[in-house]
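Enquirer: Sharing work_9.pdb below, PDB, C-alpha atoms and all ligand atoms:
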ATOM      1  CA  MET A   1     -18.602 -16.094 -17.635  1.00  0.00           C
ATOM      2  CA  GLU A   2     -15.518 -14.518 -19.181  1.00  0.00           C
ATOM      3  CA  HIS A   3     -13.623 -12.021 -17.128  1.00  0.00           C
ATOM      4  CA  GLU A   4     -10.919  -9.459 -17.631  1.00  0.00           C
ATOM      5  CA  GLU A   5      -7.272 -10.392 -17.348  1.00  0.00           C
ATOM      6  CA  ASN A   6      -5.870  -7.733 -15.081  1.00  0.00           C
ATOM      7  CA  ILE A   7      -8.546  -6.696 -12.717  1.00  0.00           C
ATOM      8  CA  SER A   8      -7.982  -4.550  -9.649  1.00  0.00           C
ATOM      9  CA  ILE A   9     -10.003  -3.868  -6.522  1.00  0.00           C
ATOM     10  CA  VAL A  10     -10.830  -0.394  -5.215  1.00  0.00           C
ATOM     11  CA  LEU A  11     -11.725   0.157  -1.575  1.00  0.00           C
ATOM     12  CA  SER A  12     -13.658   3.416  -1.296  1.00  0.00           C
ATOM     13  CA  CYS A  13     -15.772   5.457   1.101  1.00  0.00           C
ATOM     14  CA  ILE A  14     -19.447   5.955   0.243  1.00  0.00           C
ATOM     15  CA  ASP A  15     -19.237   9.784   0.190  1.00  0.00           C
ATOM     16  CA  TYR A  16     -21.225  11.183  -2.792  1.00  0.00           C
ATOM     17  CA  ARG A  17     -19.041  14.299  -2.912  1.00  0.00           C
ATOM     18  CA  PHE A  18     -16.019  12.214  -3.915  1.00  0.00           C
ATOM     19  CA  TRP A  19     -16.775   8.913  -5.620  1.00  0.00           C
ATOM     20  CA  PRO A  20     -18.617  10.183  -8.748  1.00  0.00           C
ATOM     21  CA  ASP A  21     -15.448  11.984  -9.904  1.00  0.00           C
ATOM     22  CA  ALA A  22     -12.897   9.790  -8.191  1.00  0.00           C
ATOM     23  CA  LEU A  23     -13.982   6.383  -9.513  1.00  0.00           C
ATOM     24  CA  PRO A  24     -13.652   7.226 -13.254  1.00  0.00           C
ATOM     25  CA  LYS A  25     -10.226   8.748 -12.541  1.00  0.00           C
ATOM     26  CA  LEU A  26      -9.186   5.602 -10.698  1.00  0.00           C
ATOM     27  CA  GLU A  27     -10.429   3.477 -13.604  1.00  0.00           C
ATOM     28  CA  LYS A  28      -8.410   5.567 -16.063  1.00  0.00           C
ATOM     29  CA  LYS A  29      -5.295   5.125 -13.937  1.00  0.00           C
ATOM     30  CA  PHE A  30      -5.615   1.504 -12.852  1.00  0.00           C
ATOM     31  CA  GLY A  31      -8.063  -0.132 -15.311  1.00  0.00           C
ATOM     32  CA  THR A  32     -11.127  -2.241 -14.536  1.00  0.00           C
ATOM     33  CA  PHE A  33     -11.833  -2.871 -10.889  1.00  0.00           C
ATOM     34  CA  ASP A  34     -14.192  -4.548  -8.476  1.00  0.00           C
ATOM     35  CA  LEU A  35     -15.562  -1.962  -6.065  1.00  0.00           C
ATOM     36  CA  ILE A  36     -15.796  -2.334  -2.314  1.00  0.00           C
ATOM     37  CA  GLU A  37     -17.602   0.603  -0.742  1.00  0.00           C
ATOM     38  CA  LEU A  38     -18.076   1.078   2.966  1.00  0.00           C
ATOM     39  CA  ALA A  39     -18.302   4.326   4.948  1.00  0.00           C
ATOM     40  CA  GLY A  40     -14.750   5.305   5.909  1.00  0.00           C
ATOM     41  CA  GLY A  41     -13.031   3.370   3.085  1.00  0.00           C
ATOM     42  CA  SER A  42      -9.629   2.165   4.316  1.00  0.00           C
ATOM     43  CA  LYS A  43     -10.515   3.083   7.912  1.00  0.00           C
ATOM     44  CA  ASN A  44     -12.324  -0.251   7.992  1.00  0.00           C
ATOM     45  CA  LEU A  45      -8.935  -1.956   7.730  1.00  0.00           C
ATOM     46  CA  ALA A  46      -6.678   0.501   9.592  1.00  0.00           C
ATOM     47  CA  SER A  47      -8.886   1.473  12.532  1.00  0.00           C
ATOM     48  CA  PRO A  48     -12.303  -0.139  12.140  1.00  0.00           C
ATOM     49  CA  ALA A  49     -15.288   0.767  14.312  1.00  0.00           C
ATOM     50  CA  SER A  50     -15.801  -2.972  14.752  1.00  0.00           C
ATOM     51  CA  GLU A  51     -13.913  -6.144  13.844  1.00  0.00           C
ATOM     52  CA  ALA A  52     -16.965  -7.104  11.735  1.00  0.00           C
ATOM     53  CA  ASP A  53     -16.275  -4.155   9.391  1.00  0.00           C
ATOM     54  CA  ARG A  54     -12.686  -5.289   8.843  1.00  0.00           C
ATOM     55  CA  ARG A  55     -13.871  -8.847   8.271  1.00  0.00           C
ATOM     56  CA  ALA A  56     -16.469  -7.691   5.719  1.00  0.00           C
ATOM     57  CA  ILE A  57     -13.752  -5.886   3.719  1.00  0.00           C
ATOM     58  CA  LEU A  58     -11.371  -8.853   3.844  1.00  0.00           C
ATOM     59  CA  GLU A  59     -14.175 -11.188   2.699  1.00  0.00           C
ATOM     60  CA  SER A  60     -14.982  -8.958  -0.273  1.00  0.00           C
ATOM     61  CA  ILE A  61     -11.290  -8.830  -1.221  1.00  0.00           C
ATOM     62  CA  GLN A  62     -11.157 -12.623  -0.976  1.00  0.00           C
ATOM     63  CA  ALA A  63     -14.234 -12.862  -3.240  1.00  0.00           C
ATOM     64  CA  SER A  64     -12.659 -10.592  -5.854  1.00  0.00           C
ATOM     65  CA  VAL A  65      -9.386 -12.529  -5.799  1.00  0.00           C
ATOM     66  CA  GLY A  66     -11.201 -15.863  -5.895  1.00  0.00           C
ATOM     67  CA  LEU A  67     -13.853 -15.039  -8.503  1.00  0.00           C
ATOM     68  CA  HIS A  68     -12.034 -12.544 -10.735  1.00  0.00           C
ATOM     69  CA  GLY A  69      -8.377 -13.205 -10.043  1.00  0.00           C
ATOM     70  CA  ALA A  70      -7.767  -9.627  -8.868  1.00  0.00           C
ATOM     71  CA  LYS A  71      -4.038  -8.857  -8.743  1.00  0.00           C
ATOM     72  CA  GLN A  72      -4.003  -5.329  -7.357  1.00  0.00           C
ATOM     73  CA  LEU A  73      -5.789  -3.509  -4.549  1.00  0.00           C
ATOM     74  CA  ILE A  74      -6.152   0.263  -4.500  1.00  0.00           C
ATOM     75  CA  LEU A  75      -6.712   1.506  -0.971  1.00  0.00           C
ATOM     76  CA  THR A  76      -8.309   4.932  -0.813  1.00  0.00           C
ATOM     77  CA  ASN A  77      -9.177   7.462   1.837  1.00  0.00           C
ATOM     78  CA  HIS A  78     -10.513  10.953   1.198  1.00  0.00           C
ATOM     79  CA  THR A  79     -10.233  14.330   2.875  1.00  0.00           C
ATOM     80  CA  ASP A  80     -13.129  15.661   4.985  1.00  0.00           C
ATOM     81  CA  CYS A  81     -14.260  12.091   5.670  1.00  0.00           C
ATOM     82  CA  GLY A  82     -17.105  12.002   8.192  1.00  0.00           C
ATOM     83  CA  ALA A  83     -15.939   8.621   9.492  1.00  0.00           C
ATOM     84  CA  TYR A  84     -12.840  10.429  10.818  1.00  0.00           C
ATOM     85  CA  GLY A  85     -14.733  13.503  12.053  1.00  0.00           C
ATOM     86  CA  GLY A  86     -14.245  15.516   8.843  1.00  0.00           C
ATOM     87  CA  SER A  87     -11.503  18.061   8.069  1.00  0.00           C
ATOM     88  CA  GLU A  88     -12.328  19.994  11.252  1.00  0.00           C
ATOM     89  CA  ALA A  89     -10.843  17.141  13.286  1.00  0.00           C
ATOM     90  CA  PHE A  90      -7.385  18.255  12.015  1.00  0.00           C
ATOM     91  CA  ASN A  91      -5.300  21.368  12.676  1.00  0.00           C
ATOM     92  CA  SER A  92      -4.305  21.816   9.043  1.00  0.00           C
ATOM     93  CA  GLN A  93      -4.613  20.215   5.637  1.00  0.00           C
ATOM     94  CA  GLU A  94      -1.041  18.913   5.973  1.00  0.00           C
ATOM     95  CA  ASP A  95      -1.969  17.219   9.243  1.00  0.00           C
ATOM     96  CA  GLU A  96      -4.996  15.649   7.597  1.00  0.00           C
ATOM     97  CA  ILE A  97      -3.007  14.362   4.612  1.00  0.00           C
ATOM     98  CA  GLU A  98      -0.260  13.038   6.885  1.00  0.00           C
ATOM     99  CA  PHE A  99      -2.873  11.248   8.992  1.00  0.00           C
ATOM    100  CA  HIS A 100      -4.428   9.584   5.945  1.00  0.00           C
ATOM    101  CA  GLN A 101      -0.985   8.542   4.730  1.00  0.00           C
ATOM    102  CA  SER A 102      -0.412   6.727   8.016  1.00  0.00           C
ATOM    103  CA  GLU A 103      -3.891   5.158   7.935  1.00  0.00           C
ATOM    104  CA  LEU A 104      -3.272   3.883   4.404  1.00  0.00           C
ATOM    105  CA  LYS A 105       0.094   2.517   5.496  1.00  0.00           C
ATOM    106  CA  LYS A 106      -1.590   0.622   8.350  1.00  0.00           C
ATOM    107  CA  ALA A 107      -4.279  -0.710   5.990  1.00  0.00           C
ATOM    108  CA  ALA A 108      -1.607  -1.803   3.478  1.00  0.00           C
ATOM    109  CA  SER A 109       0.339  -3.744   6.106  1.00  0.00           C
ATOM    110  CA  ILE A 110      -2.821  -5.635   7.111  1.00  0.00           C
ATOM    111  CA  ILE A 111      -3.414  -6.532   3.460  1.00  0.00           C
ATOM    112  CA  ARG A 112       0.190  -7.673   2.934  1.00  0.00           C
ATOM    113  CA  LYS A 113      -0.184 -10.089   5.845  1.00  0.00           C
ATOM    114  CA  THR A 114      -3.512 -11.476   4.635  1.00  0.00           C
ATOM    115  CA  PHE A 115      -2.965 -11.345   0.849  1.00  0.00           C
ATOM    116  CA  PRO A 116       0.807 -11.382   0.261  1.00  0.00           C
ATOM    117  CA  ASP A 117       0.358 -11.776  -3.538  1.00  0.00           C
ATOM    118  CA  LEU A 118      -1.799  -8.648  -3.983  1.00  0.00           C
ATOM    119  CA  GLU A 119      -0.090  -5.533  -5.290  1.00  0.00           C
ATOM    120  CA  VAL A 120      -1.163  -2.628  -3.043  1.00  0.00           C
ATOM    121  CA  GLN A 121      -1.560   1.004  -4.136  1.00  0.00           C
ATOM    122  CA  ARG A 122      -2.487   3.832  -1.768  1.00  0.00           C
ATOM    123  CA  VAL A 123      -4.418   6.890  -2.916  1.00  0.00           C
ATOM    124  CA  ILE A 124      -5.746   9.915  -1.052  1.00  0.00           C
ATOM    125  CA  ILE A 125      -8.714  11.575  -2.756  1.00  0.00           C
ATOM    126  CA  ALA A 126      -8.678  15.309  -2.077  1.00  0.00           C
ATOM    127  CA  LEU A 127     -10.284  18.488  -3.362  1.00  0.00           C
ATOM    128  CA  ASP A 128      -7.925  21.067  -4.867  1.00  0.00           C
ATOM    129  CA  ASP A 129      -8.359  24.835  -4.442  1.00  0.00           C
ATOM    130  CA  LYS A 130     -10.894  24.859  -7.305  1.00  0.00           C
ATOM    131  CA  ASN A 131     -12.966  22.166  -5.546  1.00  0.00           C
ATOM    132  CA  LYS A 132     -11.917  19.595  -8.158  1.00  0.00           C
ATOM    133  CA  ILE A 133     -11.129  16.004  -7.239  1.00  0.00           C
ATOM    134  CA  GLN A 134      -7.430  15.140  -7.157  1.00  0.00           C
ATOM    135  CA  LEU A 135      -5.909  11.688  -6.710  1.00  0.00           C
ATOM    136  CA  MET A 136      -2.784  11.816  -4.552  1.00  0.00           C
ATOM    137  CA  LYS A 137      -0.798   8.632  -4.920  1.00  0.00           C
ATOM    138  CA  VAL A 138       1.021   7.788  -1.700  1.00  0.00           C
ATOM    139  CA  PRO A 139       4.501   6.411  -2.478  1.00  0.00           C
TER
HETATM  140 ZN    ZN B 201     -15.792   9.270   3.850  1.00  0.00          ZN
END
Mind turning this structure into structure tokens?

Expert:
Amino acid sequence: MEHEENISIVLSCIDYRFWPDALPKLEKKFGTFDLIELAGGSKNLASPASEADRRAILESIQASVGLHGAKQLILTNHTDCGAYGGSEAFNSQEDEIEFHQSELKKAASIIRKTFPDLEVQRVIIALDDKNKIQLMKVP
């Protein structure tokens, strides 16, 4: 079977309030991707509920690299994520964003150790004041 040249991987949470708008935006920005969806998204790398969750993510990444030659991984987390206790677990929206930035950083460093050749992008998916999905790229 033929496959695309420059395929990426997206790691996403399952949350129906976010992915239907977020995934097409991610595709527009980063091109075709393999999708790994597990409740909590990048939490499963940064601070997994169990080692098995982290292993499942790493195995799916390995499959995408091995089968499709994926070159880039887009790690995502989203605001009000139930896996982290939702927005109410944070004192402010800034606190929540800052927290997700540090989670994505942790997740990225795990990936760099395991897959040193993968380009890693970090994106926070948030709702703006009009309840529209925004992608916030973490530098
Ligand atoms: Zn979530």

Enquirer: Within 8 Å of ligand ZN 201 (chain B), which residues of chain A show up? Give each one with its shortest atom-to-atom distance in Å (one decimal) and the two atoms involved, counting only C-alpha atoms and all ligand atoms, rows by chain then rising residue number, as a tab-separated table.

Expert:
residue	atom	partner	partner_atom	distance
A:Cys13	CA	B:ZN201	ZN	4.7
A:Ile14	CA	B:ZN201	ZN	6.1
A:Asp15	CA	B:ZN201	ZN	5.1
A:Ala39	CA	B:ZN201	ZN	5.7
A:Gly40	CA	B:ZN201	ZN	4.6
A:Gly41	CA	B:ZN201	ZN	6.6
A:Asn77	CA	B:ZN201	ZN	7.1
A:His78	CA	B:ZN201	ZN	6.1
A:Thr79	CA	B:ZN201	ZN	7.6
A:Asp80	CA	B:ZN201	ZN	7.0
A:Cys81	CA	B:ZN201	ZN	3.7
A:Gly82	CA	B:ZN201	ZN	5.3
A:Ala83	CA	B:ZN201	ZN	5.7
A:Tyr84	CA	B:ZN201	ZN	7.7

Enquirer: Could you state the separation of atom CA of A:Phe99 and atom CA of A:Ile124 in Å, given to one decimal place?

Expert: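 If I compute the distance from atom CA of A:Phe99 to atom CA of A:Ile124, I get 10.5 Å.
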
Enquirer: I'd like the box whose edges run along x, y and z of the file and which contains every listed atom of stretch 31-40 of chain A, padded by 8 Å per side; could you state its centre and edge lengths in Å, one decimal, as lines of an AutoDock Vina configuration file?

Expert:
center_x = -13.2
center_y = 0.4
center_z = -4.7
size_x = 26.2
size_y = 25.9
size_z = 37.2

Enquirer: Given the PyMOL selection byres (((chain A and resi 120) around 7) and not hetatm) and the file above, list the residues it selects as a list in words.

Expert: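 Selected by the PyMOL selection byres (((chain A and resi 120) around 7) and not hetatm) in this file: Gln72, Leu73, Ile74, Ala108, Leu118, Glu119, Gln121 and Arg122 of chain A.
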
Enquirer: Using the chain letters and numbers from the file, which residues does the PyMOL selection byres (((chain A and resi 61-68) around 10) and not hetatm) grab, as a PyMOL selection string?

Expert: chain A and resi 2-11+33-36+55-60+69-73+111+114-115+118

Enquirer: Please report the interatomic distance between atom CA of A:Val138 and atom CA of A:Val123 in Å with one decimal.

Expert: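 According to the coordinates, atom CA of A:Val138 and atom CA of A:Val123 are separated by 5.6 Å.
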
Enquirer: When you count only C-alpha atoms, which of these residues is closest to A:Lys132: A:Pro48, A:Gln101, A:Lys25, A:Asn91?

Expert: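 Closest candidate: A:Lys25.
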
Enquirer: Please compute the atom CA of A:Tyr16-atom CA of A:Phe30 distance, one decimal, in Å.

Expert: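 Rounded to one decimal, the two atoms are 20.9 Å apart.
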
Enquirer: Using only C-alpha atoms, pick whichever of A:Ser102, A:Ser87, A:Gln93, A:Thr76 has the shortest atom-to-atom distance to A:Phe18.

Expert: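 Nearest candidate to A:Phe18 out of A:Ser102, A:Ser87, A:Gln93, A:Thr76: A:Thr76.
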
Enquirer: Spell out the residues picked by the PyMOL selection byres (((chain A and resi 134) around 9) and not hetatm) here, as a list in words.

Expert: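 Answer for the PyMOL selection byres (((chain A and resi 134) around 9) and not hetatm): Ala22, Lys25, Ile124, Ile125, Ala126, Leu127, Asp128, Lys132, Ile133, Leu135 and Met136 of chain A.
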
Enquirer: When distances are computed from all atoms listed in the file, which of A:Gly31, A:Leu75, A:Gly86, A:Pro139 shows the smallest separation from A:Ala46?

Expert: A:Leu75
